[in-house]
Each structure stands twice: as C-alpha cells, then as structure tokens.
Amino acid sequence: MSEAPGPLVTISASYGAGGSVIAPRLADALGLPLVDRLLTADVSEQAGRSLEGPHSEEGLSESERAASPGSRLFTYLARAAGVYGLSAPPILVEPEEELREQAEAGLAGIRDGAGAVVLGRAAAVVLAERPRSFHVRLDGPVAARVRQAAAIEGIPEERAAARLEQTDRSRELWVRRLYRADPLDPGWYHLWIDTTAFGIDGSVELLLHALRRCLAIPSS
C-alpha cells in the first residue's frame with residue numbers, strides 16, 4: 001500500500017499581504033519544510049529598474065527590443081534568476097519552458113507526496129491536482145497593503161507603494177505567461193484572506209485553525 005501524501009499548503013500572496021512572514025510561521029507551527037518563492041519583491045524591483053531606466057535597452061537583441069514590456073520583463077527575470085537559485089540559459093529565445101522546468105524542479109518531491117508549505121511559484125496552479133492540499137491566497141486593499149509592507153520591511157510608504165505596483169505586476173505576469181492562468185481567479189484557492197484586516201498574528205491563527213481542520217494536522 002502506498003504511503004498517504006503529506007499535507008501541502010500553497011500560499012499565493014500579493015505584495016504587502018505578509019506572505020514572507022506568514023509562510024515561515026505556518027511551516028514552523030505545522031512542522032513542515034518551507035519552499036520559498038523565487039519572484040521576490042527585490043528581484044521584481046531590480047527588473048523594473050533594468051527595464052524602465054535610461055539604459056533599459058542595453059543587452060537586448062533587436063527582437064527583444066521589439067517585444068512587449070512583459071516579454072522583456074520575463075527575459076530579464078530569466079537572466080536574473082541565477083541569483084535566486086535558477087540557472088538561466090545563455091541564449092533565451094523561448095525561455096518559458098526552461099523557466100517552468102527550473103521553477104518546478106524544487107516541487108518534484110512535493111508533487112510525489114512530500115509535505116511542505118510552498119510560498120509563491122504558482123504552486124496553487126502547478127499542484128492543483130495534488131491530494132491532501134490546501135491552497136491559500138493572501139491579499140488586502142492596496143493602501144492597507146502599502147502600510148503593512150512598510151511596517152514589515154522597515155521602508156517608507158512611498159517606496160512600498162512603488163514596490164507593490166512592480167511586484168504585483170511581475171508575479172501576475174509570471175503565472176499568466178508561464179501557465180496561461182489567472183492567479184487572481186478565486187477558483188484556484190480554498191481560502192482567500194484579507195491579512196490587513198486580521199493582522200499578521202490573526203491571519204496565522206486563522207490559517208492554522210483552517211489547515212488543521214481541513215488537512216487533519218494534529219495540534220502540537
């Protein structure tokens with residue numbers, strides 16, 4: 001008899017919703033390993049500076065310069081991804097399949113049944129059919145997320161607002177481009193939480209209650 005799969009929690013979080021804080025706390029409380037996101041706010045911000053600055057066209061081929069801003073963003077992210085554990089190919093003509101393979105490489109054991117908390121990586125889409133899974137979306141009103149992000153990161157709200165716009169756009173583009181899916185479709189998730197209403201502590205408490213009930217995880 002095959003062993004039952006371990007519990008899986010996927011967390012999709014808009015910028016400022018606290019995914020980077022909530023996911024590690026959930027993993028620790030549940031005794032599960034954490035698989036962190038690839039598309040951080042930092043790499044999104046770097047992509048924005050690279051693509052929107054005065055030298056944004058440097059290093060791009062003629063076809064890349066003619067492509068849409070979204071295509072150029074993905075080309076940049078593919079090149080920059082080596083810093084975050086991906087190995088970008090030297091020539092990027094069709095980077096999508098390469099990016100998918102590399103991004104999903106860290107999910108192979110989880111797909112096969114290992115338990116984990118996965119932040120980002122379009123995991124709710126990639127692992128939608130995986131048994132004993134619970135998919136969560138963390139969100140909130142823009143202004144409230146800006147304030148929460150500024151508090152979490154210790155940065156001015158003006159910078160948090162700029163990072164929010166760039167990061168949310170990059171993450172949505174990642175899922176749409178690589179998986180032809182809408183990450184804002186509530187059909188991907190079992191639970192959608194406004195973390196700015198509950199606060200970080202309240203959101204963790206709410207999620208733990210839901211997860212232990214739905215995934216039959218015993219309390220520690």
# chains A, B, ... in the order shown; residues from 1 in each chain; ligands from 1
>>> residues_around(residues="range 185-194 of chain A", least_positions_apart="6", cutoff="7 Å", atoms="only C-alpha atoms", output="list in words")
Ala124, Val125, Phe134, His135, Val136, Arg137, Leu138, Asp139 and Gly140 of chain A
>>> residues_around(residues="Pro7 in chain A", least_positions_apart="2", cutoff="9 Å", atoms="only C-alpha atoms", output="list in words")
Pro5, Val9, Leu32, Gly113, Ala114, Gly115, Ala116, Val117, Pro131, Arg132, Ser133, Phe134, Leu215, Ala216 and Ile217 of chain A
>>> write_last_selection(atoms="C-alpha atoms", output="PDB file, in the first residue's frame")
ATOM      1  CA  PRO A   5       0.814  12.129   0.850  1.00  0.00           C
ATOM      2  CA  VAL A   9      -0.119  24.251   1.908  1.00  0.00           C
ATOM      3  CA  LEU A  32       6.685  21.220   7.598  1.00  0.00           C
ATOM      4  CA  GLY A 113       3.798  13.311  -1.821  1.00  0.00           C
ATOM      5  CA  ALA A 114       6.251  15.113   0.458  1.00  0.00           C
ATOM      6  CA  GLY A 115       4.562  17.604   2.793  1.00  0.00           C
ATOM      7  CA  ALA A 116       5.511  21.287   2.681  1.00  0.00           C
ATOM      8  CA  VAL A 117       4.432  24.894   2.834  1.00  0.00           C
ATOM      9  CA  PRO A 131      -4.064  15.207  -2.984  1.00  0.00           C
ATOM     10  CA  ARG A 132      -4.218  16.494   0.583  1.00  0.00           C
ATOM     11  CA  SER A 133      -3.518  20.079  -0.418  1.00  0.00           C
ATOM     12  CA  PHE A 134      -4.862  23.402   0.784  1.00  0.00           C
ATOM     13  CA  LEU A 215      -5.875  18.626   6.413  1.00  0.00           C
ATOM     14  CA  ALA A 216      -6.294  16.703   9.677  1.00  0.00           C
ATOM     15  CA  ILE A 217      -3.000  18.003  11.061  1.00  0.00           C
TER      16      ILE A 217
END
>>> closest_residue(among="A:Glu158, A:Asp112, A:Glu172, A:Asp36", to="Val21 in chain A", atoms="only C-alpha atoms")
A:Asp36
>>> atom_distance(atom1="CA of Gly18 in chain A", atom2="CA of Leu208 in chain A")
15.3 Å
>>> atom_distance(atom1="CA of Arg37 in chain A", atom2="CA of Arg159 in chain A")
21.2 Å
>>> closest_residue(among="A:Ser170, A:Ala103, A:Leu119, A:Pro24", to="Ile11 in chain A", atoms="only C-alpha atoms")
A:Leu119
>>> closest_residue(among="A:Pro156, A:Leu26, A:Arg121, A:Tyr15", to="Gly106 in chain A", atoms="only C-alpha atoms")
A:Arg121
>>> closest_residue(among="A:Leu34, A:Leu173, A:Ile152, A:Ala143", to="Leu107 in chain A", atoms="only C-alpha atoms")
A:Leu34
>>> atom_distance(atom1="CA of Val142 in chain A", atom2="CA of Ala29 in chain A")
28.5 Å
>>> residues_around(residues="Leu164 in chain A", least_positions_apart="3", cutoff="9 Å", atoms="only C-alpha atoms", output="list in words")
Ser14, Tyr15, Gly16, Ala41, Val142, Arg145, Val146, Ala149, Arg159, Ala160, Ala161, Thr167, Asp168 and Arg169 of chain A
>>> write_last_selection(atoms="N, CA and C atoms", output="short mmCIF file (atom, residue, chain, number, x, y, z; two decimals), in the first residue's frame")
data_model
loop_
_atom_site.label_atom_id
_atom_site.label_comp_id
_atom_site.auth_asym_id
_atom_site.auth_seq_id
_atom_site.Cartn_x
_atom_site.Cartn_y
_atom_site.Cartn_z
N SER A 14 -0.20 38.62 -2.50
CA SER A 14 0.10 39.89 -3.12
C SER A 14 1.11 40.63 -2.23
N TYR A 15 1.79 41.60 -2.82
CA TYR A 15 2.81 42.34 -2.07
C TYR A 15 2.16 43.09 -0.91
N GLY A 16 2.78 42.98 0.26
CA GLY A 16 2.26 43.64 1.45
C GLY A 16 1.27 42.82 2.22
N ALA A 41 10.16 40.47 -4.03
CA ALA A 41 10.00 41.89 -4.31
C ALA A 41 11.31 42.51 -4.78
N VAL A 142 -5.18 47.91 -1.44
CA VAL A 142 -3.86 48.43 -1.79
C VAL A 142 -3.27 49.32 -0.71
N ARG A 145 -2.20 47.38 2.26
CA ARG A 145 -1.02 46.55 2.00
C ARG A 145 0.25 47.40 1.95
N VAL A 146 0.13 48.61 1.44
CA VAL A 146 1.29 49.51 1.43
C VAL A 146 1.74 49.78 2.86
N ALA A 149 3.28 46.54 4.32
CA ALA A 149 4.59 46.26 3.73
C ALA A 149 5.65 47.18 4.31
N ARG A 159 8.13 54.15 -0.96
CA ARG A 159 8.84 53.06 -1.62
C ARG A 159 8.01 51.79 -1.64
N ALA A 160 7.29 51.53 -0.56
CA ALA A 160 6.43 50.35 -0.52
C ALA A 160 5.38 50.41 -1.62
N ALA A 161 4.84 51.60 -1.88
CA ALA A 161 3.82 51.75 -2.93
C ALA A 161 4.41 51.43 -4.29
N THR A 167 5.88 44.64 -8.06
CA THR A 167 5.89 43.23 -7.64
C THR A 167 4.60 42.52 -8.00
N ASP A 168 3.47 43.15 -7.74
CA ASP A 168 2.19 42.52 -8.10
C ASP A 168 2.11 42.27 -9.59
N ARG A 169 2.58 43.23 -10.38
CA ARG A 169 2.55 43.07 -11.83
C ARG A 169 3.45 41.93 -12.28
#
>>> select_by_dssp(residues="range 130-220 of chain A", states="strand (DSSP E)", output="PyMOL selection string")
chain A and resi 133-139+191-194
>>> write_last_selection(atoms="C-alpha atoms", output="PDB file, in the first residue's frame")
ATOM      1  CA  SER A 133      -3.518  20.079  -0.418  1.00  0.00           C
ATOM      2  CA  PHE A 134      -4.862  23.402   0.784  1.00  0.00           C
ATOM      3  CA  HIS A 135      -4.417  26.484  -1.385  1.00  0.00           C
ATOM      4  CA  VAL A 136      -4.444  29.950   0.171  1.00  0.00           C
ATOM      5  CA  ARG A 137      -4.464  33.476  -1.236  1.00  0.00           C
ATOM      6  CA  LEU A 138      -3.320  36.370   0.980  1.00  0.00           C
ATOM      7  CA  ASP A 139      -4.446  39.823  -0.115  1.00  0.00           C
ATOM      8  CA  LEU A 191      -9.334  30.252   1.310  1.00  0.00           C
ATOM      9  CA  TRP A 192      -8.796  33.937   0.469  1.00  0.00           C
ATOM     10  CA  ILE A 193      -7.812  36.163   3.419  1.00  0.00           C
ATOM     11  CA  ASP A 194      -7.503  39.916   3.831  1.00  0.00           C
TER      12      ASP A 194
END
